[in-house]
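Next up, query27.cif (mmCIF, C-alpha atoms and all ligand atoms):
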```cif
data_work
#
loop_
_atom_site.label_atom_id
_atom_site.label_comp_id
_atom_site.auth_asym_id
_atom_site.auth_seq_id
_atom_site.Cartn_x
_atom_site.Cartn_y
_atom_site.Cartn_z
CA MET A 1 46.56 69.35 -197.49
CA ARG A 2 44.09 71.62 -199.34
CA HIS A 3 41.79 72.37 -196.36
CA LEU A 4 41.63 71.36 -192.69
CA LEU A 5 37.95 70.72 -192.04
CA GLY A 6 38.16 68.01 -189.39
CA THR A 7 40.24 65.23 -187.92
CA GLU A 8 37.83 62.54 -189.12
CA GLY A 9 39.66 61.04 -192.06
CA LEU A 10 42.92 62.85 -191.31
CA ASP A 11 45.50 60.12 -191.89
CA VAL A 12 48.22 59.31 -189.40
CA ASP A 13 51.03 60.52 -191.71
CA THR A 14 49.47 63.94 -192.31
CA ALA A 15 48.59 64.44 -188.63
CA THR A 16 52.09 63.39 -187.57
CA ALA A 17 53.69 65.69 -190.17
CA VAL A 18 51.73 68.69 -188.83
CA LEU A 19 52.66 67.81 -185.21
CA ASP A 20 56.34 67.35 -186.15
CA THR A 21 56.35 70.73 -187.93
CA ALA A 22 54.76 72.33 -184.84
CA ASP A 23 57.45 70.77 -182.62
CA GLU A 24 60.19 72.07 -184.92
CA LEU A 25 58.66 75.56 -185.00
CA LYS A 26 58.47 75.58 -181.20
CA ARG A 27 62.12 74.47 -180.87
CA THR A 28 63.26 77.08 -183.40
CA LEU A 29 61.43 80.01 -181.80
CA LEU A 30 61.98 79.07 -178.15
CA GLY A 31 63.74 81.83 -176.22
CA ARG A 32 64.04 84.10 -179.26
CA GLU A 33 63.43 87.81 -178.83
CA VAL A 34 62.03 88.20 -182.36
CA ARG A 35 59.65 85.31 -183.09
CA LYS A 36 59.20 85.77 -186.82
CA LEU A 37 59.95 83.52 -189.80
CA PRO A 38 59.69 84.62 -193.45
CA THR A 39 57.97 81.40 -194.57
CA LEU A 40 54.53 82.78 -195.51
CA ARG A 41 55.52 86.28 -196.61
CA GLY A 42 53.05 87.59 -199.21
CA ARG A 43 50.24 85.20 -198.19
CA THR A 44 46.98 86.49 -196.68
CA VAL A 45 45.05 84.77 -193.90
CA VAL A 46 41.54 85.94 -192.98
CA THR A 47 39.91 84.86 -189.72
CA LEU A 48 36.10 84.90 -190.00
CA PHE A 49 34.37 84.36 -186.64
CA TYR A 50 30.60 84.07 -186.18
CA GLU A 51 31.03 82.94 -182.54
CA ASN A 52 33.05 84.31 -179.65
CA SER A 53 36.63 83.17 -179.23
CA THR A 54 39.74 84.20 -177.36
CA ARG A 55 42.27 81.35 -177.76
CA THR A 56 41.57 80.22 -181.33
CA ARG A 57 41.21 83.64 -182.95
CA VAL A 58 44.18 85.20 -181.18
CA SER A 59 46.48 82.22 -181.73
CA PHE A 60 45.64 82.06 -185.46
CA GLU A 61 46.43 85.76 -185.71
CA ILE A 62 49.74 85.34 -183.86
CA ALA A 63 50.54 82.18 -185.85
CA GLY A 64 50.01 83.98 -189.17
CA LYS A 65 52.06 86.99 -188.05
CA TRP A 66 54.95 84.86 -186.76
CA MET A 67 55.03 83.22 -190.22
CA SER A 68 55.06 86.74 -191.84
CA ALA A 69 51.62 86.30 -193.46
CA ASP A 70 49.25 89.27 -193.59
CA VAL A 71 46.38 88.56 -191.21
CA VAL A 72 42.95 90.19 -191.40
CA ASN A 73 40.33 89.58 -188.70
CA VAL A 74 36.62 89.70 -189.55
CA SER A 75 33.99 89.27 -186.86
CA ALA A 76 30.42 88.70 -187.96
CA SER A 77 29.10 91.35 -185.58
CA SER A 78 31.13 94.17 -187.16
CA SER A 79 31.00 93.05 -190.82
CA SER A 80 28.33 93.14 -193.54
CA VAL A 81 27.00 89.88 -192.06
CA GLY A 82 25.15 92.27 -189.73
CA LYS A 83 23.40 93.69 -192.82
CA GLY A 84 22.20 90.23 -193.81
CA GLU A 85 25.01 89.07 -196.13
CA SER A 86 25.08 85.28 -196.48
CA LEU A 87 28.00 83.03 -195.52
CA ARG A 88 28.50 82.18 -199.20
CA ASP A 89 28.64 85.82 -200.33
CA THR A 90 30.93 86.66 -197.41
CA ALA A 91 33.29 83.81 -198.35
CA LEU A 92 33.35 84.76 -202.04
CA THR A 93 34.00 88.40 -201.09
CA LEU A 94 36.96 87.43 -198.90
CA ALA A 95 38.40 85.22 -201.66
CA ALA A 96 37.94 87.97 -204.26
CA ALA A 97 39.71 90.41 -201.93
CA GLY A 98 42.75 88.12 -201.92
CA ALA A 99 42.43 85.69 -199.00
CA ASP A 100 44.69 82.67 -199.48
CA CYS A 101 43.19 81.03 -196.40
CA VAL A 102 39.95 81.59 -194.50
CA VAL A 103 39.84 80.41 -190.88
CA VAL A 104 36.16 80.11 -190.00
CA ARG A 105 34.21 79.60 -186.78
CA HIS A 106 30.45 79.21 -187.13
CA PRO A 107 27.58 77.96 -184.93
CA ALA A 108 26.28 75.63 -187.68
CA SER A 109 27.78 72.14 -187.96
CA GLY A 110 29.02 71.72 -191.54
CA ALA A 111 29.61 75.44 -192.19
CA ALA A 112 33.34 74.96 -192.88
CA HIS A 113 32.60 72.18 -195.40
CA ARG A 114 30.11 74.43 -197.20
CA LEU A 115 32.69 77.21 -197.35
CA ALA A 116 35.29 74.83 -198.78
CA CYS A 117 32.82 73.78 -201.53
CA TRP A 118 32.05 77.39 -202.44
CA LEU A 119 35.77 78.26 -202.57
CA GLU A 120 36.80 75.13 -204.48
CA ASP A 121 37.49 77.07 -207.70
CA ASN A 122 39.24 80.01 -206.00
CA GLY A 123 42.27 78.18 -204.63
CA THR A 124 41.48 79.53 -201.15
CA SER A 125 42.11 77.11 -198.29
CA VAL A 126 39.62 76.75 -195.44
CA VAL A 127 40.42 75.90 -191.81
CA ASN A 128 37.60 74.87 -189.52
CA ALA A 129 38.06 76.81 -186.27
CA GLY A 130 34.95 75.17 -184.77
CA ASP A 131 31.60 74.43 -186.47
CA GLY A 132 28.63 73.93 -184.16
CA THR A 133 28.91 70.64 -182.29
CA HIS A 134 30.83 69.00 -185.15
CA GLU A 135 34.62 69.50 -185.17
CA HIS A 136 37.45 71.72 -183.92
CA PRO A 137 40.50 70.10 -185.55
CA THR A 138 43.22 72.54 -184.50
CA GLN A 139 42.13 72.16 -180.86
CA ALA A 140 42.59 68.38 -181.16
CA LEU A 141 45.99 68.85 -182.84
CA LEU A 142 47.19 71.16 -180.06
CA ASP A 143 45.88 68.70 -177.46
CA ALA A 144 47.79 65.89 -179.18
CA ALA A 145 50.93 68.06 -179.35
CA THR A 146 50.65 68.73 -175.61
CA LEU A 147 50.12 65.06 -174.76
CA ARG A 148 53.03 63.96 -176.98
CA GLU A 149 55.23 66.47 -175.19
CA ARG A 150 54.13 65.44 -171.68
CA LEU A 151 53.78 61.67 -172.18
CA GLY A 152 56.43 61.11 -174.86
CA GLY A 153 53.89 59.64 -177.32
CA LEU A 154 50.30 58.56 -177.68
CA THR A 155 50.49 54.90 -178.67
CA GLY A 156 48.76 52.80 -176.01
CA ARG A 157 48.00 55.80 -173.80
CA ARG A 158 44.53 56.01 -172.22
CA VAL A 159 42.76 59.37 -172.32
CA ALA A 160 39.48 60.12 -170.52
CA ILE A 161 37.34 62.85 -172.11
CA VAL A 162 34.94 64.05 -169.44
CA GLY A 163 31.69 65.99 -169.34
CA ASP A 164 29.47 67.57 -171.98
CA VAL A 165 30.39 65.29 -174.89
CA LEU A 166 27.01 65.87 -176.55
CA HIS A 167 27.73 69.48 -177.48
CA SER A 168 31.51 69.23 -177.78
CA ARG A 169 33.28 69.62 -181.13
CA VAL A 170 36.51 69.33 -179.13
CA ALA A 171 35.51 65.83 -177.98
CA ARG A 172 34.63 64.69 -181.52
CA SER A 173 37.87 65.96 -183.03
CA ASN A 174 39.88 64.43 -180.20
CA VAL A 175 38.19 61.04 -180.50
CA HIS A 176 39.14 60.87 -184.20
CA LEU A 177 42.67 62.21 -183.80
CA LEU A 178 43.73 60.47 -180.58
CA THR A 179 42.55 57.06 -181.82
CA THR A 180 44.25 57.64 -185.20
CA LEU A 181 47.47 58.34 -183.29
CA GLY A 182 47.13 55.09 -181.31
CA ALA A 183 45.57 56.20 -178.01
CA GLU A 184 42.58 54.61 -176.27
CA VAL A 185 39.74 56.98 -175.45
CA VAL A 186 37.12 56.60 -172.71
CA LEU A 187 34.23 59.06 -172.70
CA VAL A 188 32.93 59.80 -169.19
CA ALA A 189 29.61 61.61 -169.09
CA PRO A 190 26.04 61.46 -167.82
CA PRO A 191 23.75 59.60 -170.26
CA THR A 192 21.97 62.85 -171.24
CA LEU A 193 25.26 64.46 -172.31
CA LEU A 194 26.28 61.69 -174.72
CA PRO A 195 25.30 61.82 -178.41
CA VAL A 196 23.02 59.30 -180.08
CA GLY A 197 25.25 56.87 -181.98
CA VAL A 198 28.17 57.07 -179.54
CA GLY A 199 28.14 53.25 -179.51
CA GLU A 200 29.60 53.36 -183.03
CA TRP A 201 32.54 55.58 -182.02
CA PRO A 202 35.95 53.93 -181.45
CA VAL A 203 35.74 54.55 -177.68
CA THR A 204 34.50 53.04 -174.45
CA VAL A 205 31.84 54.86 -172.46
CA SER A 206 31.53 55.24 -168.70
CA HIS A 207 29.31 57.21 -166.33
CA GLN A 208 31.62 56.75 -163.31
CA LEU A 209 34.48 59.24 -163.26
CA ASP A 210 35.99 57.95 -159.98
CA ALA A 211 36.28 54.44 -161.42
CA GLU A 212 38.12 55.63 -164.55
CA LEU A 213 40.66 58.07 -163.10
CA PRO A 214 43.16 55.56 -161.63
CA ALA A 215 43.73 53.94 -165.05
CA VAL A 216 44.25 56.97 -167.32
CA ASP A 217 47.36 58.76 -168.59
CA ALA A 218 45.43 61.96 -169.25
CA VAL A 219 42.09 63.47 -168.40
CA MET A 220 40.53 66.07 -170.69
CA MET A 221 37.81 68.08 -168.97
CA LEU A 222 35.25 69.61 -171.35
CA ARG A 223 33.46 72.93 -171.17
CA VAL A 224 29.76 72.71 -170.27
CA GLN A 225 28.10 74.43 -173.24
CA ALA A 226 25.06 76.02 -171.61
CA GLU A 227 24.49 78.11 -174.76
CA ARG A 228 23.71 74.93 -176.75
CA MET A 229 21.40 73.35 -174.12
CA HIS A 230 17.88 74.01 -175.38
CA GLY A 231 15.37 71.72 -173.66
CA GLY A 232 16.44 68.20 -172.69
CA PHE A 233 17.20 66.73 -169.29
CA PHE A 234 20.57 68.09 -168.36
CA PRO A 235 22.15 67.94 -164.89
CA SER A 236 22.14 71.10 -162.80
CA ALA A 237 25.49 72.83 -162.23
CA ARG A 238 25.60 71.32 -158.73
CA GLU A 239 24.79 67.77 -159.90
CA TYR A 240 27.34 68.07 -162.71
CA SER A 241 30.05 69.32 -160.37
CA ILE A 242 29.41 66.56 -157.80
CA SER A 243 29.54 63.72 -160.35
CA TYR A 244 31.83 65.02 -163.11
CA GLY A 245 33.83 67.97 -161.74
CA LEU A 246 37.57 67.37 -161.32
CA SER A 247 37.92 68.20 -157.63
CA GLN A 248 41.09 68.05 -155.58
CA ALA A 249 39.89 64.75 -154.05
CA ARG A 250 39.41 63.28 -157.54
CA GLN A 251 42.80 64.54 -158.66
CA ARG A 252 44.32 62.29 -155.97
CA LEU A 253 42.81 59.25 -157.77
CA LEU A 254 44.94 59.96 -160.88
CA PRO A 255 48.31 58.26 -161.43
CA GLU A 256 51.19 60.60 -160.62
CA HIS A 257 52.23 61.00 -164.28
CA ALA A 258 48.69 61.79 -165.53
CA VAL A 259 48.13 65.05 -167.40
CA VAL A 260 45.09 67.29 -166.89
CA LEU A 261 43.79 69.15 -169.96
CA HIS A 262 40.98 71.63 -170.56
CA PRO A 263 40.37 73.38 -173.91
CA GLY A 264 39.07 76.53 -172.20
CA PRO A 265 37.32 78.67 -171.36
CA MET A 266 37.04 76.92 -167.98
CA LEU A 267 34.22 77.12 -165.49
CA ARG A 268 36.40 76.97 -162.37
CA GLY A 269 34.69 75.40 -159.39
CA MET A 270 32.18 73.54 -161.56
CA GLU A 271 34.13 71.65 -164.26
CA ILE A 272 37.48 71.80 -162.51
CA ALA A 273 38.71 73.03 -159.11
CA SER A 274 41.01 76.04 -159.30
CA SER A 275 43.71 74.19 -157.36
CA VAL A 276 43.62 71.38 -159.99
CA ALA A 277 43.64 73.76 -162.96
CA ASP A 278 46.67 75.57 -161.56
CA ALA A 279 48.61 72.47 -160.43
CA ALA A 280 51.80 71.24 -162.12
CA SER A 281 49.94 68.21 -163.53
CA ALA A 282 47.66 70.54 -165.52
CA ALA A 283 48.88 71.50 -169.01
CA ILE A 284 46.24 74.13 -169.72
CA THR A 285 48.64 77.02 -170.32
CA GLU A 286 50.87 74.74 -172.41
CA GLN A 287 47.85 73.84 -174.53
CA VAL A 288 47.42 77.53 -175.39
CA ARG A 289 51.16 77.98 -176.07
CA ASN A 290 51.25 74.87 -178.27
CA GLY A 291 48.16 76.15 -180.08
CA VAL A 292 50.22 78.91 -181.69
CA HIS A 293 52.87 76.49 -183.02
CA VAL A 294 50.25 73.99 -184.19
CA ARG A 295 48.36 76.72 -186.05
CA MET A 296 51.62 77.97 -187.60
CA ALA A 297 52.21 74.40 -188.78
CA VAL A 298 48.67 74.08 -190.18
CA LEU A 299 49.02 77.37 -192.10
CA TYR A 300 52.40 76.22 -193.41
CA HIS A 301 51.15 72.82 -194.62
CA LEU A 302 48.12 74.46 -196.29
CA LEU A 303 49.73 77.52 -197.83
CA ALA A 304 53.20 76.22 -198.72
CA GLY A 305 51.60 73.00 -200.01
CA ASP A 306 54.51 71.09 -198.51
CA ASN A 307 53.75 67.62 -197.18
CA THR A 308 57.20 66.17 -197.73
CA ALA A 309 59.36 64.56 -195.07
CA ASP A 310 61.40 67.79 -194.99
CA ALA A 311 58.37 69.99 -194.21
CA ALA A 312 59.42 70.65 -190.60
CA ASP A 313 62.85 71.93 -191.70
CA ALA A 314 61.42 73.97 -194.60
CA ALA A 315 58.84 75.64 -192.33
CA THR A 316 61.59 77.02 -190.10
CA ALA A 317 64.00 78.10 -192.89
CA GLN A 318 65.29 81.65 -192.27
N1 LIG A 401 39.30 76.25 -176.95
C1 LIG A 401 38.72 77.23 -177.65
O1 LIG A 401 38.26 77.00 -178.77
O2 LIG A 401 38.71 78.45 -177.04
P1 LIG A 401 38.11 79.79 -177.67
O3 LIG A 401 36.63 79.62 -177.76
O4 LIG A 401 38.52 80.87 -176.70
O5 LIG A 401 38.72 79.97 -179.03
#
```

Give the structure from this file in structure tokens form.
Ligand code: CP
Amino acid sequence: MRHLLGTEGLDVDTATAVLDTADELKRTLLGREVRKLPTLRGRTVVTLFYENSTRTRVSFEIAGKWMSADVVNVSASSSSVGKGESLRDTALTLAAAGADCVVVRHPASGAAHRLACWLEDNGTSVVNAGDGTHEHPTQALLDAATLRERLGGLTGRRVAIVGDVLHSRVARSNVHLLTTLGAEVVLVAPPTLLPVGVGEWPVTVSHQLDAELPAVDAVMMLRVQAERMHGGFFPSAREYSISYGLSQARQRLLPEHAVVLHPGPMLRGMEIASSVADAASAAITEQVRNGVHVRMAVLYHLLAGDNTADAADAATAQ
């Protein structure tokens, strides 16, 4: 893998190799007092965030540090971006300063692809940490890792992705990855929160959450992205919560083995009831924990350039 820009087009072997490496990293580090491997010593990872983040930025930083890489964090608000420097000049500056990998989050869909084009001759890898409403591939990989762990595999499993699909890069990346890994996906949303062209996606679509819940193995609640809702006919918070919130009553419609996911940050009480988010069937904390191992695995596959069958063992070599 040279870059990780999305899960669209990510083949099943590459995705599985990254997930297997993440599993091996988790097994190796579990219960250890010192969670550090020498694998990426001497490599430099720069996180470049033009949008707010807690989970993704922090877990990339921890992932890099646990692999012994040097990690530098750049936020647009405190960098020369504030003086008007362009994304291209910022990227070229980071590469010239020695970045082996740039992890970028940007409000514009396609920003990570542009960065990868500009850095093509520098040998710097790019990871898309969320670009507009387009993709968030490491979120989908950590969701898949969590579902594999809880359900034992994804082949033939049915996953409902619920809520603001229109603005969700998490939904797009999950649709591509989960279907590549053999799961069935049903999108459950009001008509105004579904994208044009959803009929061409490899999914089924429903507007009735109560009708879908009894038949799923997992339900992934999405964040309502109020910051991206400019104009349009969107449901009010109350309407949304009544029709699409995962309440305690709705939780009772789920099969006993079903897993509840949310990428965070959660709007408790609107998207998901607190009692549901904190229940044993919810894997929300595990998603965050798995995010570190998945991001370690992504950095390893990019920076060590190892996509062999032995990658998982090599990543954890002492
Ligand atoms: N899930 C996710 O991307 O969270 P952050 O915005 O906190 O990184």

Just want the residues within 10 Å of ligand LIG 401 (chain A), written as an MDAnalysis selection string, counting all atoms listed in the file. chainID A and resid 49 51:60 105 129:130 136:140 142 169:170 222:223 262:266 287:288 291

Contacts between segment 12-27 of chain A and segment 48-74 of chain A, please, where a residue of segment 48-74 of chain A counts if it comes within 12 Å (with only C-alpha atoms); show its shortest atom pair and distance in Å to one decimal, rows by chain and ascending number, as a tab-separated table.
```
residue	atom	partner	partner_atom	distance
A:Ala63	CA	A:Leu25	CA	10.5
A:Trp66	CA	A:Leu25	CA	10.2
A:Met67	CA	A:Leu25	CA	10.0
```

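Computed from the coordinates, the atom CA of Leu187 of chain A to atom CA of Pro202 of chain A distance equals 10.3 Å.
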
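The nearest approach to Glu286 of chain A among the residues A:Met1, A:Leu254, A:Val127, A:Val260, with all atoms listed in the file taken into account, belongs to A:Val260.
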
Restricting to all atoms listed in the file, whichever of A:Val219, A:Gly305, A:Thr44, A:Ala283 is closest to Glu149 of chain A is A:Ala283

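The two atoms in question, atom CA of Val203 of chain A and atom CA of Val185 of chain A, are spaced 5.2 Å apart.
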
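In terms of minimum interatomic distance to Leu92 of chain A, A:Gly123 ranks closest within A:Pro107, A:Gly123, A:Gly152, A:Gly6, counting all atoms listed in the file.
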
Interatomic distance, atom CA of Leu5 of chain A to atom CA of Arg172 of chain A (Å, one decimal): 12.6 Å

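Using all atoms listed in the file, the shortest contact distance between Met221 of chain A and any of A:His113, A:Arg268, A:Lys65, A:His176 is found at A:Arg268.
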
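The residue that comes closest to Leu181 of chain A, out of A:Leu194, A:Ala279, A:Ile161, A:Leu154 and on the basis of all atoms listed in the file, is A:Leu154.
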
Distance query Pro255 of chain A at most 12 Å, only C-alpha atoms, self and fewer than 5 positions along chain excluded, as a VMD selection string: chain A and resid 158 212 to 219 250 260 281

Write the residues of the preceding selection, restricted to C-alpha atoms, as a PDB file, keeping the file's coordinate frame.
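Saved file selection_25.pdb follows:
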```pdb
ATOM      1  CA  ARG A 158      44.530  56.010-172.220  1.00  0.00           C
ATOM      2  CA  GLU A 212      38.120  55.630-164.550  1.00  0.00           C
ATOM      3  CA  LEU A 213      40.660  58.070-163.100  1.00  0.00           C
ATOM      4  CA  PRO A 214      43.160  55.560-161.630  1.00  0.00           C
ATOM      5  CA  ALA A 215      43.730  53.940-165.050  1.00  0.00           C
ATOM      6  CA  VAL A 216      44.250  56.970-167.320  1.00  0.00           C
ATOM      7  CA  ASP A 217      47.360  58.760-168.590  1.00  0.00           C
ATOM      8  CA  ALA A 218      45.430  61.960-169.250  1.00  0.00           C
ATOM      9  CA  VAL A 219      42.090  63.470-168.400  1.00  0.00           C
ATOM     10  CA  ARG A 250      39.410  63.280-157.540  1.00  0.00           C
ATOM     11  CA  VAL A 260      45.090  67.290-166.890  1.00  0.00           C
ATOM     12  CA  SER A 281      49.940  68.210-163.530  1.00  0.00           C
TER      13      SER A 281
END
```

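Remark: for Ala304 of chain A, the closest of the candidate residues A:Arg148, A:Arg41, A:Arg289, A:Arg35 is A:Arg41 (distances computed over all atoms listed in the file).
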
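Using only C-alpha atoms, the residues found no farther than 7 Å from Ser109 of chain A, other than those of its own chain fewer than 2 positions away, are Pro107, Ala111, Asp131, Gly132, Thr133 and His134 of chain A.
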
Keeping only C-alpha atoms, write the selected residues to a file as an mmCIF file, keeping the file's coordinate frame.
```cif
data_model
loop_
_atom_site.group_PDB
_atom_site.id
_atom_site.type_symbol
_atom_site.label_atom_id
_atom_site.label_comp_id
_atom_site.auth_asym_id
_atom_site.auth_seq_id
_atom_site.Cartn_x
_atom_site.Cartn_y
_atom_site.Cartn_z
ATOM 1 C CA PRO A 107 27.580 77.960 -184.930
ATOM 2 C CA ALA A 111 29.610 75.440 -192.190
ATOM 3 C CA ASP A 131 31.600 74.430 -186.470
ATOM 4 C CA GLY A 132 28.630 73.930 -184.160
ATOM 5 C CA THR A 133 28.910 70.640 -182.290
ATOM 6 C CA HIS A 134 30.830 69.000 -185.150
#
```

Env of segment 232-249 of chain A: 12 Å cut, atoms = all atoms listed in the file, seq-sep filter 3 positions within chain, self excluded. Answer as a ChimeraX atom specification. /A:160-167,187-194,206-213,219-226,228-229,252-254,260-262,266-279,281-282
